[in-house]
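Asks: Structure supplied as structure_8.cif; contents: mmCIF, C-alpha atoms and all ligand atoms.
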data_run
loop_
_atom_site.label_atom_id
_atom_site.label_comp_id
_atom_site.auth_asym_id
_atom_site.auth_seq_id
_atom_site.Cartn_x
_atom_site.Cartn_y
_atom_site.Cartn_z
CA MET A 1 47.71 39.33 4.54
CA ARG A 2 45.75 36.13 3.81
CA VAL A 3 46.65 34.78 0.39
CA LEU A 4 45.36 31.97 -1.80
CA LEU A 5 48.23 30.82 -4.04
CA THR A 6 47.53 28.31 -6.81
CA GLY A 7 50.43 26.33 -8.26
CA ILE A 8 52.39 26.53 -5.01
CA ALA A 9 54.45 23.38 -5.67
CA GLY A 10 55.76 24.73 -8.97
CA PHE A 11 58.90 26.67 -9.80
CA ILE A 12 57.60 30.22 -9.39
CA GLY A 13 54.88 29.40 -6.84
CA SER A 14 57.27 27.83 -4.33
CA HIS A 15 59.65 30.81 -4.46
CA LEU A 16 56.81 33.28 -4.10
CA ALA A 17 55.34 31.37 -1.16
CA GLU A 18 58.68 31.36 0.65
CA ARG A 19 58.97 35.11 0.30
CA MET A 20 55.39 35.60 1.47
CA VAL A 21 55.89 33.39 4.52
CA ALA A 22 59.10 35.26 5.36
CA ARG A 23 57.26 38.58 5.45
CA GLY A 24 54.43 37.19 7.57
CA ASP A 25 51.66 36.48 5.05
CA ASP A 26 49.22 33.70 5.82
CA VAL A 27 49.39 31.43 2.75
CA VAL A 28 46.93 28.77 1.61
CA GLY A 29 48.45 26.91 -1.33
CA ILE A 30 46.80 24.61 -3.87
CA ASP A 31 48.52 22.25 -6.27
CA ASN A 32 47.47 18.99 -7.94
CA PHE A 33 51.07 17.89 -8.64
CA ASP A 34 50.24 17.73 -12.33
CA GLY A 35 52.30 15.09 -14.17
CA PHE A 36 53.99 17.57 -16.51
CA TYR A 37 57.16 16.89 -14.53
CA ASP A 38 58.23 14.59 -11.70
CA ARG A 39 56.31 14.84 -8.46
CA ARG A 40 59.54 14.38 -6.47
CA VAL A 41 60.82 17.66 -7.90
CA LYS A 42 57.69 19.47 -6.70
CA GLU A 43 57.93 17.81 -3.27
CA ARG A 44 61.46 19.20 -3.00
CA ASN A 45 60.22 22.64 -4.09
CA LEU A 46 57.93 22.57 -1.06
CA ALA A 47 60.59 21.44 1.43
CA ALA A 48 61.07 24.83 3.13
CA LEU A 49 57.31 25.48 3.23
CA ARG A 50 56.16 22.41 5.14
CA GLY A 51 54.36 23.41 8.30
CA LYS A 52 54.46 27.09 7.33
CA VAL A 53 51.61 27.17 4.82
CA GLU A 54 48.26 25.43 4.57
CA LEU A 55 48.73 23.06 1.65
CA ARG A 56 45.71 21.64 -0.20
CA GLU A 57 46.47 18.97 -2.76
CA GLY A 58 43.90 19.05 -5.53
CA ASP A 59 42.71 20.44 -8.83
CA ILE A 60 41.53 24.02 -9.29
CA LEU A 61 38.81 22.53 -11.51
CA ASP A 62 37.42 20.52 -8.55
CA ALA A 63 34.39 22.56 -7.50
CA GLU A 64 33.96 20.82 -4.14
CA LEU A 65 37.56 21.38 -3.09
CA MET A 66 37.56 24.97 -4.23
CA GLY A 67 34.29 25.62 -2.41
CA GLN A 68 35.89 24.34 0.82
CA VAL A 69 39.00 26.44 0.28
CA PHE A 70 37.01 29.65 -0.14
CA ALA A 71 34.71 28.77 2.77
CA GLY A 72 37.73 28.56 5.09
CA GLY A 73 38.06 32.34 5.55
CA ARG A 74 38.28 35.48 3.46
CA PHE A 75 41.37 36.00 1.33
CA ASP A 76 42.85 39.44 0.71
CA VAL A 77 44.19 38.32 -2.65
CA VAL A 78 44.18 35.33 -4.99
CA VAL A 79 47.49 34.75 -6.76
CA HIS A 80 46.78 32.40 -9.64
CA LEU A 81 49.86 30.65 -11.00
CA ALA A 82 48.50 27.11 -11.55
CA ALA A 83 48.50 26.29 -15.24
CA LEU A 84 49.73 23.95 -17.91
CA ALA A 85 52.85 25.90 -18.73
CA GLY A 86 54.76 24.46 -21.70
CA VAL A 87 54.54 26.07 -25.14
CA ARG A 88 55.44 23.07 -27.32
CA PRO A 89 53.27 20.50 -25.45
CA SER A 90 50.28 22.82 -25.89
CA LEU A 91 50.32 21.95 -29.59
CA LYS A 92 49.68 18.30 -28.72
CA SER A 93 46.87 18.85 -26.21
CA PRO A 94 45.30 22.24 -26.90
CA ALA A 95 41.95 21.33 -25.33
CA ARG A 96 43.57 20.45 -21.98
CA TYR A 97 45.41 23.76 -22.02
CA GLN A 98 42.19 25.66 -22.60
CA LYS A 99 40.44 23.67 -19.87
CA VAL A 100 43.01 24.28 -17.13
CA ASN A 101 44.25 27.71 -18.16
CA VAL A 102 41.03 29.40 -19.28
CA GLU A 103 38.27 27.55 -17.44
CA GLY A 104 40.45 27.26 -14.33
CA THR A 105 41.07 31.01 -14.34
CA THR A 106 37.37 31.72 -14.86
CA ILE A 107 36.38 29.46 -11.96
CA LEU A 108 38.86 31.14 -9.63
CA ALA A 109 37.77 34.65 -10.56
CA ASP A 110 34.12 33.69 -10.10
CA LEU A 111 34.79 32.18 -6.66
CA ALA A 112 36.90 35.18 -5.67
CA ILE A 113 34.12 37.60 -6.61
CA ARG A 114 31.45 35.57 -4.77
CA ALA A 115 33.65 35.43 -1.67
CA GLY A 116 34.30 39.19 -1.73
CA VAL A 117 38.03 38.89 -2.48
CA PRO A 118 39.07 42.34 -3.74
CA ARG A 119 42.14 41.45 -5.84
CA MET A 120 43.54 38.81 -8.15
CA VAL A 121 47.05 38.48 -9.58
CA PHE A 122 47.30 36.31 -12.69
CA ALA A 123 50.38 34.68 -14.23
CA SER A 124 50.22 35.55 -17.91
CA SER A 125 53.05 35.17 -20.39
CA SER A 126 55.18 36.86 -23.03
CA SER A 127 53.72 34.17 -25.34
CA VAL A 128 50.60 36.31 -25.78
CA TYR A 129 52.62 38.59 -28.08
CA GLY A 130 53.10 35.92 -30.74
CA ASP A 131 55.50 36.51 -33.61
CA SER A 132 54.20 39.68 -35.22
CA THR A 133 54.47 42.21 -32.38
CA PRO A 134 57.34 44.67 -32.85
CA VAL A 135 59.98 44.75 -30.09
CA PRO A 136 60.10 45.89 -27.39
CA PHE A 137 56.74 44.29 -26.54
CA ARG A 138 54.41 46.80 -24.90
CA GLU A 139 51.33 46.00 -22.87
CA ASP A 140 49.11 48.08 -25.16
CA ASP A 141 50.15 46.11 -28.27
CA ARG A 142 47.17 44.21 -29.66
CA ALA A 143 48.43 40.71 -28.78
CA ASP A 144 45.71 39.01 -30.79
CA VAL A 145 47.86 36.72 -32.97
CA PRO A 146 49.33 34.14 -30.58
CA VAL A 147 51.26 31.29 -32.23
CA SER A 148 50.61 28.54 -29.67
CA PRO A 149 47.49 27.29 -27.88
CA TYR A 150 49.40 28.08 -24.68
CA GLY A 151 49.80 31.75 -25.66
CA ALA A 152 46.15 31.85 -26.71
CA SER A 153 45.06 30.36 -23.38
CA LYS A 154 46.94 33.03 -21.43
CA ARG A 155 45.49 35.84 -23.55
CA ALA A 156 42.02 34.34 -23.14
CA GLY A 157 42.55 34.22 -19.36
CA GLU A 158 43.40 37.92 -19.40
CA LEU A 159 40.29 38.76 -21.39
CA VAL A 160 38.02 36.81 -19.05
CA LEU A 161 39.54 38.70 -16.11
CA ARG A 162 39.10 42.00 -17.96
CA ALA A 163 35.41 41.26 -18.39
CA MET A 164 34.97 40.21 -14.75
CA HIS A 165 36.77 43.32 -13.59
CA GLY A 166 34.41 45.46 -15.68
CA VAL A 167 31.26 43.80 -14.37
CA HIS A 168 32.19 43.10 -10.75
CA GLY A 169 35.05 45.46 -9.95
CA LEU A 170 37.55 42.70 -9.14
CA ALA A 171 40.98 44.39 -9.15
CA VAL A 172 43.36 42.47 -11.41
CA SER A 173 47.05 42.55 -12.20
CA SER A 174 47.92 40.31 -15.12
CA LEU A 175 51.66 39.75 -15.15
CA ARG A 176 53.26 38.74 -18.42
CA PHE A 177 56.31 36.78 -17.28
CA PHE A 178 59.22 36.59 -19.74
CA THR A 179 61.13 33.24 -19.67
CA VAL A 180 61.79 32.83 -15.97
CA TYR A 181 64.90 30.98 -14.79
CA GLY A 182 66.77 30.26 -11.59
CA PRO A 183 66.88 27.49 -8.96
CA ARG A 184 63.95 25.03 -9.36
CA GLN A 185 63.28 26.05 -12.93
CA ARG A 186 61.06 23.48 -14.66
CA PRO A 187 63.21 20.63 -15.96
CA GLU A 188 62.18 21.01 -19.62
CA MET A 189 63.01 24.73 -19.87
CA ALA A 190 66.09 25.87 -21.79
CA VAL A 191 68.49 26.87 -19.00
CA HIS A 192 67.76 23.69 -17.04
CA ALA A 193 67.76 21.33 -20.05
CA PHE A 194 70.98 22.81 -21.48
CA THR A 195 72.73 22.63 -18.11
CA ARG A 196 71.79 18.96 -17.78
CA ALA A 197 72.95 18.16 -21.31
CA ILE A 198 76.29 19.98 -21.04
CA GLU A 199 77.00 18.43 -17.63
CA ARG A 200 76.36 14.96 -19.11
CA GLY A 201 78.42 15.65 -22.24
CA GLU A 202 75.38 15.33 -24.50
CA THR A 203 74.94 17.22 -27.75
CA ILE A 204 72.36 20.01 -27.65
CA THR A 205 70.12 20.62 -30.63
CA LEU A 206 69.55 24.35 -30.91
CA PHE A 207 66.06 24.63 -32.33
CA GLY A 208 66.09 28.05 -33.93
CA SER A 209 69.66 29.20 -33.29
CA GLY A 210 68.70 32.69 -34.54
CA THR A 211 66.04 33.10 -31.88
CA SER A 212 66.45 35.22 -28.77
CA ARG A 213 64.71 35.46 -25.41
CA ASP A 214 64.37 37.94 -22.60
CA TYR A 215 65.41 35.76 -19.62
CA THR A 216 64.21 36.93 -16.22
CA TYR A 217 65.68 35.78 -12.93
CA ILE A 218 63.25 34.31 -10.42
CA ASP A 219 64.02 36.85 -7.65
CA ASP A 220 63.07 39.69 -9.99
CA ILE A 221 59.81 37.93 -10.90
CA VAL A 222 58.99 37.40 -7.21
CA ALA A 223 59.68 41.08 -6.44
CA GLY A 224 57.41 42.23 -9.29
CA THR A 225 54.67 39.80 -8.30
CA LEU A 226 54.76 40.93 -4.67
CA ALA A 227 54.45 44.54 -5.80
CA ALA A 228 51.28 43.56 -7.69
CA VAL A 229 49.97 41.65 -4.65
CA ASP A 230 50.50 44.76 -2.50
CA LYS A 231 48.82 47.18 -4.93
CA ARG A 232 45.91 48.96 -3.29
CA ASP A 233 43.95 50.37 -6.23
CA GLU A 234 40.91 48.89 -7.95
CA THR A 235 42.19 48.79 -11.50
CA PHE A 236 42.72 46.13 -14.16
CA GLY A 237 46.35 46.29 -15.26
CA ILE A 238 48.61 44.24 -17.51
CA TYR A 239 52.34 44.32 -16.78
CA ASN A 240 55.39 42.89 -18.50
CA LEU A 241 57.83 41.36 -16.02
CA GLY A 242 60.97 40.78 -18.06
CA ASN A 243 64.63 41.71 -18.03
CA SER A 244 64.56 43.90 -21.16
CA HIS A 245 67.72 42.27 -22.46
CA ALA A 246 67.64 39.94 -25.46
CA VAL A 247 69.90 36.87 -25.28
CA ALA A 248 70.49 34.82 -28.44
CA LEU A 249 70.35 31.04 -28.03
CA PRO A 250 74.09 30.42 -28.67
CA GLU A 251 74.89 33.20 -26.19
CA LEU A 252 72.79 31.47 -23.53
CA VAL A 253 74.52 28.14 -24.15
CA GLY A 254 77.90 29.89 -23.91
CA ALA A 255 77.00 31.46 -20.55
CA ILE A 256 75.89 28.08 -19.17
CA ALA A 257 79.02 26.32 -20.45
CA ARG A 258 81.23 28.96 -18.82
CA ALA A 259 79.38 28.64 -15.51
CA LEU A 260 79.82 24.85 -15.66
CA GLY A 261 83.45 25.11 -16.78
CA ARG A 262 82.70 22.71 -19.65
CA GLU A 263 82.50 22.64 -23.44
CA ALA A 264 79.03 22.67 -25.03
CA LYS A 265 78.44 20.42 -28.05
CA THR A 266 75.71 21.82 -30.27
CA VAL A 267 74.01 21.15 -33.59
CA ALA A 268 71.59 23.49 -35.30
CA GLY A 269 67.93 22.49 -35.66
CA PRO A 270 64.89 24.16 -37.20
CA GLN A 271 62.74 26.61 -35.24
CA GLN A 272 59.92 24.62 -33.64
CA PRO A 273 56.23 25.21 -34.34
CA GLY A 274 54.71 27.30 -31.57
CA ASP A 275 58.05 28.94 -30.72
CA VAL A 276 58.51 32.64 -31.45
CA GLN A 277 61.53 34.31 -32.99
CA GLN A 278 62.15 36.71 -30.13
CA THR A 279 60.81 38.12 -26.88
CA PHE A 280 61.81 41.46 -25.45
CA ALA A 281 59.91 43.38 -22.80
CA SER A 282 59.23 47.06 -22.48
CA LEU A 283 59.30 47.66 -18.72
CA GLU A 284 58.09 51.26 -18.64
CA ARG A 285 54.65 50.46 -17.26
CA ALA A 286 55.85 47.92 -14.68
CA GLU A 287 58.46 50.37 -13.47
CA ARG A 288 55.92 53.20 -13.23
CA ASP A 289 53.14 51.28 -11.45
CA LEU A 290 54.98 48.49 -9.62
CA GLY A 291 58.40 50.04 -9.08
CA TYR A 292 59.71 46.99 -10.97
CA ARG A 293 63.40 47.01 -11.89
CA PRO A 294 65.16 43.74 -12.69
CA THR A 295 68.53 43.44 -10.99
CA VAL A 296 70.08 40.12 -12.03
CA ARG A 297 72.22 39.87 -15.18
CA ILE A 298 72.10 36.65 -17.18
CA GLU A 299 75.70 35.60 -16.33
CA ASP A 300 75.03 35.97 -12.60
CA GLY A 301 71.65 34.27 -12.75
CA VAL A 302 73.01 31.34 -14.75
CA ALA A 303 75.88 30.94 -12.26
CA ARG A 304 73.37 30.81 -9.39
CA PHE A 305 71.29 28.26 -11.29
CA VAL A 306 74.33 26.05 -11.92
CA GLU A 307 75.29 26.16 -8.26
CA TRP A 308 71.78 25.04 -7.31
CA TYR A 309 71.69 22.38 -10.05
CA ARG A 310 74.89 20.74 -8.84
CA ALA A 311 73.46 20.42 -5.33
CA GLN A 312 70.38 18.52 -6.56
CA PRO A 313 69.85 14.73 -6.67
CA GLN A 314 69.68 13.95 -10.41
CA ASP A 315 66.57 11.78 -10.38
CA GLY A 316 63.99 13.98 -11.99
P1 LIG A 401 55.17 24.96 -12.91
O1 LIG A 401 54.63 23.92 -13.83
O2 LIG A 401 56.45 24.71 -12.21
O3 LIG A 401 54.07 25.37 -11.84
C1 LIG A 401 52.69 25.30 -12.10
C2 LIG A 401 52.06 24.50 -10.97
O4 LIG A 401 50.65 24.44 -11.20
C3 LIG A 401 52.56 23.04 -10.95
O5 LIG A 401 53.11 22.72 -9.68
C4 LIG A 401 51.33 22.21 -11.26
O6 LIG A 401 51.29 20.97 -10.56
C5 LIG A 401 50.20 23.14 -10.86
N1 LIG A 401 48.95 22.87 -11.58
C6 LIG A 401 48.81 22.64 -12.91
N2 LIG A 401 47.52 22.40 -13.19
C7 LIG A 401 46.83 22.47 -12.01
C8 LIG A 401 45.48 22.29 -11.66
N3 LIG A 401 44.56 21.98 -12.58
N4 LIG A 401 45.13 22.42 -10.36
C9 LIG A 401 46.07 22.70 -9.40
N5 LIG A 401 47.37 22.90 -9.69
C10 LIG A 401 47.75 22.77 -10.99
O7 LIG A 401 55.29 26.30 -13.80
P2 LIG A 401 56.02 27.69 -13.50
O8 LIG A 401 57.15 27.81 -14.44
O9 LIG A 401 56.23 27.85 -12.04
O10 LIG A 401 54.87 28.70 -13.97
C11 LIG A 401 53.95 29.29 -13.07
C12 LIG A 401 52.99 30.17 -13.86
O11 LIG A 401 53.70 31.19 -14.56
C13 LIG A 401 52.18 29.41 -14.91
O12 LIG A 401 50.88 29.99 -14.97
C14 LIG A 401 52.93 29.71 -16.20
O13 LIG A 401 52.09 29.61 -17.32
C15 LIG A 401 53.39 31.13 -15.94
N6 LIG A 401 54.57 31.51 -16.72
C16 LIG A 401 55.77 30.90 -16.47
C17 LIG A 401 56.87 31.28 -17.21
C18 LIG A 401 58.23 30.68 -16.98
O14 LIG A 401 59.18 31.06 -17.68
N7 LIG A 401 58.41 29.77 -16.02
C19 LIG A 401 56.76 32.26 -18.22
C20 LIG A 401 55.51 32.83 -18.46
C21 LIG A 401 54.42 32.47 -17.69
#
For the structure just supplied, provide its representation as structure tokens.
Replies:
Amino acid sequence: MRVLLTGIAGFIGSHLAERMVARGDDVVGIDNFDGFYDRRVKERNLAALRGKVELREGDILDAELMGQVFAGGRFDVVVHLAALAGVRPSLKSPARYQKVNVEGTTILADLAIRAGVPRMVFASSSSVYGDSTPVPFREDDRADVPVSPYGASKRAGELVLRAMHGVHGLAVSSLRFFTVYGPRQRPEMAVHAFTRAIERGETITLFGSGTSRDYTYIDDIVAGTLAAVDKRDETFGIYNLGNSHAVALPELVGAIARALGREAKTVAGPQQPGDVQQTFASLERAERDLGYRPTVRIEDGVARFVEWYRAQPQDG
């Protein structure tokens, strides 16, 4: 299968690309090495992919580059992961988030349709559910009260794709990822940041110690995403990819400390604007249509993360 994968140098994109290469897919990857975190980290993410994928460095908003990419041969699917991904930073630069996440998604869908690409898989987020959706979150919940510009940008991306599916028949799977973790997780995300702090003996401020998250191991996310890539129908579908297991913040810190064999020093802080109280996925639909079943428990996933973390140069 010939695949266009945006965001290939990132956490999820690099794992997905490795799995695709291993099964024989022909992958063209785009990434602009956005400065949200250190370029060296992204270069390391790509280490096992060098020479095995066609890598194009550049911005999905660059019309000339994207024109060249689509002119290079017909793709069977576009997997669109490139985005500005942090929740809290989206409060500081909401317009940039809309530009990359909404306009970028629109441009890609438009190019895909013009080039006759039949299918697109989009990385959406549990953030679309905001703070007023009852748990477990279901894909048919309204999801029209996001609490961060990031969540709004992902919901807007879904709606644009829904419209383009209706008009042009582009098949779409929009995957709402629930807090993904594992080796190569973005450095600012909770599991990674807490591991770093505990390892260095620093005190962790728990912003919103009463909050809980549905943490999903990267291998489960990759399996669910590949199932969406391989779908052969012409529908528009939204799917939660989570773990369906709520973990409170102190519980997460405890699991990391145990995996590290260290004590965690914590102080309580207020819940941050843009953050939600809880996330918790209903997986009924993903199981029915994608055969999705998460397999990695939080203790095991955290242990695997810690093992990876300790093998990394601590420069980024
Ligand atoms: P990441 O930041 O590691 O990867 C995103 C990649 O996209 C980066 O390498 C970045 O350089 C690239 N990128 C950003 N803007 C670009 C642009 N304009 N042109 C080209 N490339 C660009 O993030 P991730 O954690 O791997 O997330 C991947 C996707 O999954 C994102 O769409 C994110 O919103 C979504 N998501 C992630 C999580 C999670 O827990 N990690 C949860 C929900 C949704």
Asks: Atom CA of A:Gln272 and atom CA of A:Asp38, how far apart in Å?
Replies: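 A separation of 24.2 Å between them.
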Asks: Please determine, counting only C-alpha atoms, which residue among A:Val302, A:Val222, A:Leu290, A:Val191 has the shortest atom-to-atom distance to A:Arg19.
Replies: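 Between A:Val302, A:Val222, A:Leu290, A:Val191, the residue approaching A:Arg19 most closely is A:Val222.
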Asks: A:Asp62: which residues within 12 Å, counting only C-alpha atoms, same-chain residues fewer than 6 positions away excluded, as a PyMOL selection string?
Replies: chain A and resi 30-32+56+68-69+100+103-104+107-108
Asks: Can you pull out every residue within 12 Å of A:Thr179, counting only C-alpha atoms, but drop anything in the same chain fewer than 5 positions away, and send it as a compact mmCIF listing (two decimals) with C-alpha atoms, in the frame of the given file?
Replies:
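Wrote it out as selection_9.txt, contents follow:
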# COMPACT_ATOMS: atom_id res chain seq x y z
CA ILE A 12 57.60 30.22 -9.39
CA ALA A 85 52.85 25.90 -18.73
CA GLY A 86 54.76 24.46 -21.70
CA VAL A 87 54.54 26.07 -25.14
CA SER A 124 50.22 35.55 -17.91
CA SER A 125 53.05 35.17 -20.39
CA SER A 126 55.18 36.86 -23.03
CA SER A 127 53.72 34.17 -25.34
CA GLN A 185 63.28 26.05 -12.93
CA ARG A 186 61.06 23.48 -14.66
CA MET A 189 63.01 24.73 -19.87
CA ALA A 190 66.09 25.87 -21.79
CA VAL A 191 68.49 26.87 -19.00
CA HIS A 192 67.76 23.69 -17.04
CA SER A 212 66.45 35.22 -28.77
CA ARG A 213 64.71 35.46 -25.41
CA ASP A 214 64.37 37.94 -22.60
CA TYR A 215 65.41 35.76 -19.62
CA THR A 216 64.21 36.93 -16.22
CA TYR A 217 65.68 35.78 -12.93
CA ILE A 218 63.25 34.31 -10.42
CA ASP A 220 63.07 39.69 -9.99
CA ILE A 221 59.81 37.93 -10.90
CA ASN A 240 55.39 42.89 -18.50
CA LEU A 241 57.83 41.36 -16.02
CA GLY A 242 60.97 40.78 -18.06
CA ASN A 243 64.63 41.71 -18.03
CA SER A 244 64.56 43.90 -21.16
CA HIS A 245 67.72 42.27 -22.46
CA ALA A 246 67.64 39.94 -25.46
CA VAL A 247 69.90 36.87 -25.28
CA GLN A 278 62.15 36.71 -30.13
CA THR A 279 60.81 38.12 -26.88
CA PHE A 280 61.81 41.46 -25.45
CA ALA A 281 59.91 43.38 -22.80
CA ILE A 298 72.10 36.65 -17.18
Asks: Write out as a list in words the residues lying within 12 Å of A:Gly24, counting only C-alpha atoms and excluding same-chain residues fewer than 2 positions away.
Replies: Met1, Arg2, Val3, Ala17, Glu18, Arg19, Met20, Val21, Ala22, Asp26, Val27, Lys52 and Val53 of chain A
Asks: Here is a test: counting all atoms listed in the file, which residue of A:Arg196, A:Arg162, A:Arg39, A:Arg232 is nearest to ligand LIG 401 (chain A)?
Replies: A:Arg39
Asks: Using all atoms listed in the file, pick whichever of A:Pro134, A:Pro294, A:Gly51, A:Pro187 has the shortest atom-to-atom distance to ligand LIG 401 (chain A).
Replies: A:Pro187
Asks: In Å, how far is it from atom C5 of ligand LIG 401 (chain A) to atom CA of A:Tyr97?
Replies: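 These atoms are spaced 12.2 Å apart.
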Asks: Tell me which of A:Pro250, A:Pro94, A:Gly151, A:Gly130 sits closest to ligand LIG 401 (chain A), counting all atoms listed in the file.
Replies: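 Smallest separation from ligand LIG 401 (chain A) among the options: A:Gly151.
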Asks: To one decimal place in Å, what is the distance between atom N2 of ligand LIG 401 (chain A) and atom CA of A:Leu84?
Replies: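 Straight-line distance from atom N2 of ligand LIG 401 (chain A) to atom CA of A:Leu84 works out to 5.4 Å.
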Asks: Measuring between all atoms listed in the file, which one of A:Pro273, A:Glu43, A:Arg23, A:Glu64 shows the shortest distance to A:Leu91?
Replies: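 Result for the nearest residue to A:Leu91: A:Pro273.
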Asks: Please write out, as JSON, where the centre of an axis-aligned box around all listed atoms of ligand LIG 401 (chain A) lies and how long its edges are, in Å to one decimal, after adding 6 Å on each side.
Replies:
{"center_x": 51.9, "center_y": 26.9, "center_z": -13.9, "size_x": 26.6, "size_y": 23.9, "size_z": 21.1}
Asks: Would you please work out which residue, of A:Phe178, A:Tyr129, A:Phe194, A:Tyr292, is nearest to ligand LIG 401 (chain A) when using all atoms listed in the file?
Replies: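 Using all atoms listed in the file, the shortest distance to ligand LIG 401 (chain A) belongs to A:Phe178.
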Asks: Compile the contact shell of A:Ala257 as a compact mmCIF listing (two decimals) with C-alpha atoms, keeping the file's coordinate frame: residues with an atom at most 10 Å away, counting all atoms listed in the file, same-chain residues fewer than 6 positions apart removed.
Replies:
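Dumped everything to part.txt:
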# COMPACT_ATOMS: atom_id res chain seq x y z
CA PHE A 194 70.98 22.81 -21.48
CA THR A 195 72.73 22.63 -18.11
CA ILE A 198 76.29 19.98 -21.04
CA GLU A 199 77.00 18.43 -17.63
CA GLU A 251 74.89 33.20 -26.19
CA GLU A 263 82.50 22.64 -23.44
CA ALA A 264 79.03 22.67 -25.03
CA LYS A 265 78.44 20.42 -28.05
CA VAL A 302 73.01 31.34 -14.75
CA ALA A 303 75.88 30.94 -12.26
CA VAL A 306 74.33 26.05 -11.92
Asks: Near A:Tyr239, within 10 Å and counting only C-alpha atoms, which residues show up once chain neighbours fewer than 6 positions away are dropped, as a list in words?
Replies: Ser124, Ser125, Arg138, Glu139, Asp140, Ser173, Ser174, Leu175, Arg176, Phe177, Gly224, Thr225, Ala228, Ala281, Ser282, Leu283, Glu284, Arg285, Ala286, Glu287, Asp289, Leu290 and Tyr292 of chain A
